[in-house]
Amino acid sequence: MRQIRLGWKSRQFATLLLAVLLTYLFLWSRAEWSAMHKWNRAIGDASLVLVAFSMAIGPLSRLFPRTRRLLPWRRELGIFGVYLAFIHATIILFGWVELDLMRLFGFEFHPDFQRYVMFDQGFGLGNLLGIAALVFAAALALTSNDLSQRFFGASVWKYIQQSTYVLWWLIVLHTGYFLFMHFLDFHRRVPDPNWARWPFVWLVIGVSALQIAASVRTWRLKNGRAQAA
């Protein structure tokens with residue numbers, strides 16, 4: 001049976017639909033939250049899922065050769081994940097810290113001292129991780145195209161794209177902080193636990209397990225070829 005391969009425009013449209021669907025489902029799951037936090041979290045979670053799918057395709061294709069047909073989808077999934085991440089950051093800037101960049105890094109203006117004082121160290125650290133992830137994401141998104149591949153050459157371009165592993169763990173640390181640590185504060189009302197905690201844990205474990213298994217398989221194949229030679 002002949003396989004139908006989707007062109008890049010079709011993949012982009014399908015990925016856009018997936019991004020919209022994920023965002024809607026995350027919004028629906030938190031209907032009782034305030035509008036800002038509901039949209040902020042829904043778009044951030046949808047971004048995480050798209051990036052996770054993109055990260056999983058590579059090792060999956062090494063473990064199961066039939067899934068190599070999914071490799072072209074890595075680019076669209078990663079790029080749309082980055083788009084959502086920037087929307088997520090924009091909501092935080094306008095809705096949470098209200099364009100006060102000092103608040104973004106955990107500072108609040110103290111009227112008695114007439115200056116900014118450190119109010120929430122964890123919030124600042126969590127956002128620094130997010131900002132670092134956005135920098136890596138922007139570099140990867142801007143170079144994730146055939147023109148950049150020709151410009152840099154295959155080896156340099158591949159080296160740049162390997163930064164996806166750094167991006168992934170920055171995203172994991174950023175998300176993990178806000179899921180598990182940000183609201184552990186004895187002098188503030190602690191909200192109900194976010195339902196996404198354990199799905200997030202299992203998602204990270206799943207992607208990590210695929211990466212480890214693919215690395216072990218690649219090592220065994222190379223070791224087997226070396227011994228045969």
# chains A, B, ... in the order shown; residues from 1 in each chain; ligands from 1

call {"tool": "select_by_dssp", "arguments": {"residues": "stretch 37-109 of chain A", "states": "helix (DSSP H, G or I)", "output": "PyMOL selection string"}}
result
chain A and resi 37-63+65-70+73-96+101-104

call {"tool": "closest_atom_pairs", "arguments": {"of": "stretch 128-186 of chain A", "to": "stretch 105-123 of chain A", "cutoff": "9 Å", "atoms": "only C-alpha atoms", "output": "Markdown table"}}
result
| residue | atom | partner | partner_atom | distance |
| --- | --- | --- | --- | --- |
| A:Leu128 | CA | A:Phe105 | CA | 7.3 |
| A:Tyr177 | CA | A:Gly122 | CA | 8.1 |
| A:Phe178 | CA | A:Phe123 | CA | 8.3 |
| A:Met181 | CA | A:Gly122 | CA | 8.1 |
| A:His182 | CA | A:Gly122 | CA | 6.6 |

call {"tool": "residues_around", "arguments": {"residues": "A:Arg217", "least_positions_apart": "3", "cutoff": "12 Å", "atoms": "only C-alpha atoms", "output": "PyMOL selection string"}}
result
chain A and resi 59-64+210-214+220-224

call {"tool": "residues_around", "arguments": {"residues": "stretch 32-37 of chain A", "least_positions_apart": "5", "cutoff": "9 Å", "atoms": "only C-alpha atoms", "output": "list of chain:residue names"}}
result
A:Ala42, A:Ile91, A:Ile92, A:Gly95, A:Trp96

call {"tool": "closest_residue", "arguments": {"among": "A:Thr23, A:Asp45, A:Arg150, A:Ala56", "to": "A:Pro199", "atoms": "only C-alpha atoms"}}
result
A:Asp45

call {"tool": "residues_around", "arguments": {"residues": "A:Val204", "least_positions_apart": "3", "cutoff": "10 Å", "atoms": "only C-alpha atoms", "output": "PyMOL selection string"}}
result
chain A and resi 52+168-169+172+198-201+207-209

call {"tool": "atom_distance", "arguments": {"atom1": "atom CA of A:Leu203", "atom2": "atom CA of A:Ala137"}}
result
19.7 Å

call {"tool": "decode", "arguments": {"residues": "stretch 145-199 of chain A", "atoms": "C-alpha atoms", "output": "PDB file, in the first residue's frame"}}
result
ATOM      1  CA  ASN A 145      14.969  25.644   8.179  1.00  0.00           C
ATOM      2  CA  ASP A 146      16.687  24.471   5.018  1.00  0.00           C
ATOM      3  CA  LEU A 147      18.234  27.907   4.344  1.00  0.00           C
ATOM      4  CA  SER A 148      20.067  27.877   7.698  1.00  0.00           C
ATOM      5  CA  GLN A 149      21.194  24.313   7.108  1.00  0.00           C
ATOM      6  CA  ARG A 150      22.776  25.325   3.796  1.00  0.00           C
ATOM      7  CA  PHE A 151      24.274  28.502   5.296  1.00  0.00           C
ATOM      8  CA  PHE A 152      25.920  26.890   8.333  1.00  0.00           C
ATOM      9  CA  GLY A 153      26.732  23.553   6.757  1.00  0.00           C
ATOM     10  CA  ALA A 154      25.525  20.174   7.957  1.00  0.00           C
ATOM     11  CA  SER A 155      27.944  19.719  10.878  1.00  0.00           C
ATOM     12  CA  VAL A 156      27.525  23.217  12.407  1.00  0.00           C
ATOM     13  CA  TRP A 157      23.761  23.170  11.867  1.00  0.00           C
ATOM     14  CA  LYS A 158      23.476  19.776  13.545  1.00  0.00           C
ATOM     15  CA  TYR A 159      25.537  21.045  16.489  1.00  0.00           C
ATOM     16  CA  ILE A 160      23.173  24.027  16.902  1.00  0.00           C
ATOM     17  CA  GLN A 161      20.099  21.815  16.715  1.00  0.00           C
ATOM     18  CA  GLN A 162      21.496  19.520  19.415  1.00  0.00           C
ATOM     19  CA  SER A 163      20.796  22.405  21.812  1.00  0.00           C
ATOM     20  CA  THR A 164      17.256  21.038  21.888  1.00  0.00           C
ATOM     21  CA  TYR A 165      18.392  18.859  24.801  1.00  0.00           C
ATOM     22  CA  VAL A 166      19.434  21.953  26.756  1.00  0.00           C
ATOM     23  CA  LEU A 167      16.136  23.612  25.836  1.00  0.00           C
ATOM     24  CA  TRP A 168      14.170  20.570  26.962  1.00  0.00           C
ATOM     25  CA  TRP A 169      15.727  20.454  30.424  1.00  0.00           C
ATOM     26  CA  LEU A 170      15.388  24.205  30.904  1.00  0.00           C
ATOM     27  CA  ILE A 171      11.677  23.812  30.131  1.00  0.00           C
ATOM     28  CA  VAL A 172      11.420  20.855  32.514  1.00  0.00           C
ATOM     29  CA  LEU A 173      13.080  22.782  35.373  1.00  0.00           C
ATOM     30  CA  HIS A 174      10.981  25.901  34.707  1.00  0.00           C
ATOM     31  CA  THR A 175       7.727  23.946  34.614  1.00  0.00           C
ATOM     32  CA  GLY A 176       8.668  21.738  37.555  1.00  0.00           C
ATOM     33  CA  TYR A 177       9.338  24.757  39.750  1.00  0.00           C
ATOM     34  CA  PHE A 178       5.912  26.290  39.125  1.00  0.00           C
ATOM     35  CA  LEU A 179       4.124  22.948  39.469  1.00  0.00           C
ATOM     36  CA  PHE A 180       5.785  21.762  42.660  1.00  0.00           C
ATOM     37  CA  MET A 181       7.563  24.583  44.481  1.00  0.00           C
ATOM     38  CA  HIS A 182       6.242  28.072  43.770  1.00  0.00           C
ATOM     39  CA  PHE A 183       3.205  27.859  46.024  1.00  0.00           C
ATOM     40  CA  LEU A 184       4.935  26.139  48.959  1.00  0.00           C
ATOM     41  CA  ASP A 185       4.803  29.297  51.073  1.00  0.00           C
ATOM     42  CA  PHE A 186       3.809  29.314  54.734  1.00  0.00           C
ATOM     43  CA  HIS A 187       2.627  32.938  54.814  1.00  0.00           C
ATOM     44  CA  ARG A 188       0.359  32.827  51.764  1.00  0.00           C
ATOM     45  CA  ARG A 189      -2.758  30.891  50.934  1.00  0.00           C
ATOM     46  CA  VAL A 190      -1.723  27.723  49.149  1.00  0.00           C
ATOM     47  CA  PRO A 191      -3.978  26.882  46.158  1.00  0.00           C
ATOM     48  CA  ASP A 192      -5.208  23.399  45.420  1.00  0.00           C
ATOM     49  CA  PRO A 193      -2.546  21.188  43.782  1.00  0.00           C
ATOM     50  CA  ASN A 194      -2.354  21.503  40.015  1.00  0.00           C
ATOM     51  CA  TRP A 195      -3.757  18.321  38.415  1.00  0.00           C
ATOM     52  CA  ALA A 196      -0.963  18.441  35.830  1.00  0.00           C
ATOM     53  CA  ARG A 197       1.749  17.506  38.324  1.00  0.00           C
ATOM     54  CA  TRP A 198       1.861  13.761  37.810  1.00  0.00           C
ATOM     55  CA  PRO A 199       1.087  13.826  34.074  1.00  0.00           C
TER      56      PRO A 199
END
